[in-house]
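Working notes for the structure below.
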Amino acid sequence: MPESGTTEAAPRSVGATIELEGLTKRYPGSDRPAVDNVSMEIAAGETVILVGPSGCGKSTTLKMINRLIEPTGGRIRIGGEDVTDMDPVKLRRTIGYAIQASGLFPHMTVAQNIALVPKMLRWPSARVRDRVEEMLDLVGLDPGEFRDRYPRQLSGGQQQRVGVARALAADPPVLLMDEPFGAVDPITRDHLQDELIRLQRELHKTIVFVTHDFDEAIKIGDRIAVLREQSHIAQFDTPEAILTNPADDFVSGFVGAGAALKRLNLTRVRDVPITDYPTVGVDDPLDEISARLRSAGTDEVLVLDKRGRPYKWLRRGDIVRAQGSLARAGVLVHDTVTRDATLRDALEAVLTDNTGRVAVTGRRGAYEGVVDVETLMNSVHELLEADRLEAREAQAGLEEQRAAQTHAEQEGAHPPGDRGEAQA
Ligand SMILES: Nc1ncnc2c1ncn2[C@@H]1O[C@H](COP(=O)(O)OP(=O)(O)OP(=O)(O)O)[C@@H](O)[C@H]1O
Ligand SMILES: [Mg+2]
């Protein structure tokens, strides 16, 4: 039976609240629950990250939300509606789900994989087709190039993108992601994270995202739930609050060393000045490129490829060695960042390329400007300075406390409890 409204223009569904109340899972045959009495309220449109040690029940918690795993106790409410006893198959059509290694069906094309849930929902075929194109575009894959490929004909990062496209295809208000970027290399992972942040700014879904990686959590999360054994919540707060005020040693252990530098993960490229840099096209005549180099006032230019994407850094001397062709000249651009990348990503990219700056790109990887190493170092200095100030204040507070205590002792004052005992 067709669902109501399937033939109407697709309304953009924004996020729904998720409430977990005393959620518990006891697997058969184990003596203690894998997830014990978890309660959590997630706001509509919020991205919440679950982090915690292996085996603490992150995946189990996530899978209870879409009832891939049936809870043994507690309630789940989505958008205020109790879905604990709802038909799980129906429920899952309203919840996007993306997992590590993409979970694509190998015998289906990219288009068929993405179309899966819309087809189950019996969308008309024209709408499904449009939606597939829209989704591929959204995750930065050219539909013409990728639509008819099979998953094995994609790189790991491209598979993850398709996985995200599939999870979003039916426009669910809620998106569950279980280490979706766990299986790709660090640079691709950074880019996928940036993509997700950009998507989320457009879509405002409610996202619950599981990861091992605290840096990833800081970067993506509006709030982070640090979980201990059995998914007991150690701290559930914003990245800033967890970094500056970890609840206990367990959380500090998770934050790890270098909390100040980790705050580089909280500042985005969009928050610092992005400047223009002289560019040339890969097909420009060499004498024009030379002229540009001379007039630029820099000893380097950025060569863009046919689609306006950063391709090579080219120095004055390189032109001489080019012998008529750019193919042999200059240094390939290894890494770029988007405006959503963190300063830490940017710093890493600068160090990788060793040019003293990193190119910033927009949609489809097109060049938009550069961030230079001075700008980045200024931000690092500011963070370190803030950290020192905080440490000094904490120290001053401690000394004040000690002074007050000494004073109290000298005055012969005792805490109320002592007096009580003295009287007894
Ligand atoms: N189907 C199952 N049957 C029995 N026990 C299970 C089952 N699935 C998971 N568990 C147990 O439940 C606990 C939580 O597992 P879960 O997969 O939720 O952890 P996790 O936090 O996602 O770990 P990881 O970070 O390694 O993915 C573990 O002790 C695990 O062994
Ligand atoms: Mg897991």
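By order of appearance in the structure tokens: chains A, B, ..., then residues from 1 within every chain, and ligands from 1 in the order shown.
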
Exercise. Please check which protein, DNA or RNA residues sit within 8 Å of ligand 2, counting only C-alpha atoms and all ligand atoms, and write them as an NGL selection string.
Key: :A and (54-55 or 57-60 or 178-179 or 210)

Exercise. Please extract the residues at most 9 Å from ligand 1, counting only C-alpha atoms and all ligand atoms, and provide them as a PyMOL selection string, using the chain letters and residue numbers of this document.
Key: chain A and resi 25-30+33-35+50-63+69+178-179+210-212+227+229-231

Could you give me, as CSV, a per-residue list for segment 140-205 of chain A showing, wherever an atom lies at most 12 Å from an atom of segment 124-128 of chain A, the closest pair of atoms and their distance in Å to one decimal, using only C-alpha atoms and sorting by chain then residue number from low to high?
residue,atom,partner,partner_atom,distance
A:Arg166,CA,A:Val128,CA,11.8
A:Ala169,CA,A:Val128,CA,8.9
A:Ala170,CA,A:Val128,CA,9.3
A:Asp171,CA,A:Val128,CA,11.9

Go ahead and save the residues from that selection, with N, CA and C atoms, as a PDB file, in the first residue's frame.
ATOM      1  N   ARG A 166      22.813   6.860   0.653  1.00  0.00           N
ATOM      2  CA  ARG A 166      21.737   5.886   0.823  1.00  0.00           C
ATOM      3  C   ARG A 166      20.984   6.131   2.128  1.00  0.00           C
ATOM      4  N   ALA A 169      18.630   9.005   1.625  1.00  0.00           N
ATOM      5  CA  ALA A 169      17.791   9.031   0.418  1.00  0.00           C
ATOM      6  C   ALA A 169      16.310   9.263   0.711  1.00  0.00           C
ATOM      7  N   ALA A 170      15.786   8.619   1.715  1.00  0.00           N
ATOM      8  CA  ALA A 170      14.353   8.757   1.994  1.00  0.00           C
ATOM      9  C   ALA A 170      14.075   9.959   2.886  1.00  0.00           C
ATOM     10  N   ASP A 171      15.075  10.814   3.048  1.00  0.00           N
ATOM     11  CA  ASP A 171      14.938  12.047   3.822  1.00  0.00           C
ATOM     12  C   ASP A 171      14.462  11.800   5.247  1.00  0.00           C
TER      13      ASP A 171
END

Self-check item: Residues of segment 294-378 of chain A in strand (DSSP E), written as a ChimeraX atom specification
Solution: /A:300-304,310-315,331-332,337-338,357-361,367-372

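Interatomic distance, atom CA of Arg149 of chain A against atom CA of Val162 of chain A: 11.0 Å.
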
Quiz item: Any idea what's packed within 6 Å of Lys205 of chain A, counting only C-alpha atoms, ignoring anything in its chain fewer than 5 positions away? Could you give it as a ChimeraX atom specification?
Solution: /A:14-15,45,173-174

Quiz item: How many Å lie between atom CA of Tyr277 of chain A and atom CA of Lys306 of chain A, rounded to one decimal?
Solution: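 Answer for the atom CA of Tyr277 of chain A to atom CA of Lys306 of chain A separation: 17.7 Å.
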
Practice problem: Could you check which of A:Gln112, A:Thr275, A:Thr352, A:Thr94 is closest to Glu374 of chain A, using only C-alpha atoms? | Solution: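 Looking only at the distances to Glu374 of chain A, the closest residue turns out to be A:Thr275.
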
Quiz prompt | Selected residue, from A:Arg92, A:Arg75, A:Arg161, A:Arg294, that lies nearest to Asn113 of chain A when counting only C-alpha atoms | solution =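 Closest candidate: A:Arg161.
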
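The nearest approach to Asp249 of chain A among the residues A:Leu264, A:Ala234, A:Glu81, A:Asp372, with only C-alpha atoms taken into account, belongs to A:Ala234.
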
Self-check item: Given only C-alpha atoms as the counted atoms, nearest of A:Asn354, A:Thr109, A:Gln235, A:Gln153 to Asp248 of chain A
Solution: A:Gln235

Self-check item: Separation of atom CA of Ala359 of chain A from atom CA of Ala386 of chain A in Å
Solution: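 The value is 27.9 Å.
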
Quiz item: Taking into account only C-alpha atoms, which residue in the set A:Tyr150, A:Gly308, A:Glu348, A:Glu240 is nearest to Phe105 of chain A?
Solution: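 Using only C-alpha atoms, Phe105 of chain A sits closest to A:Tyr150.
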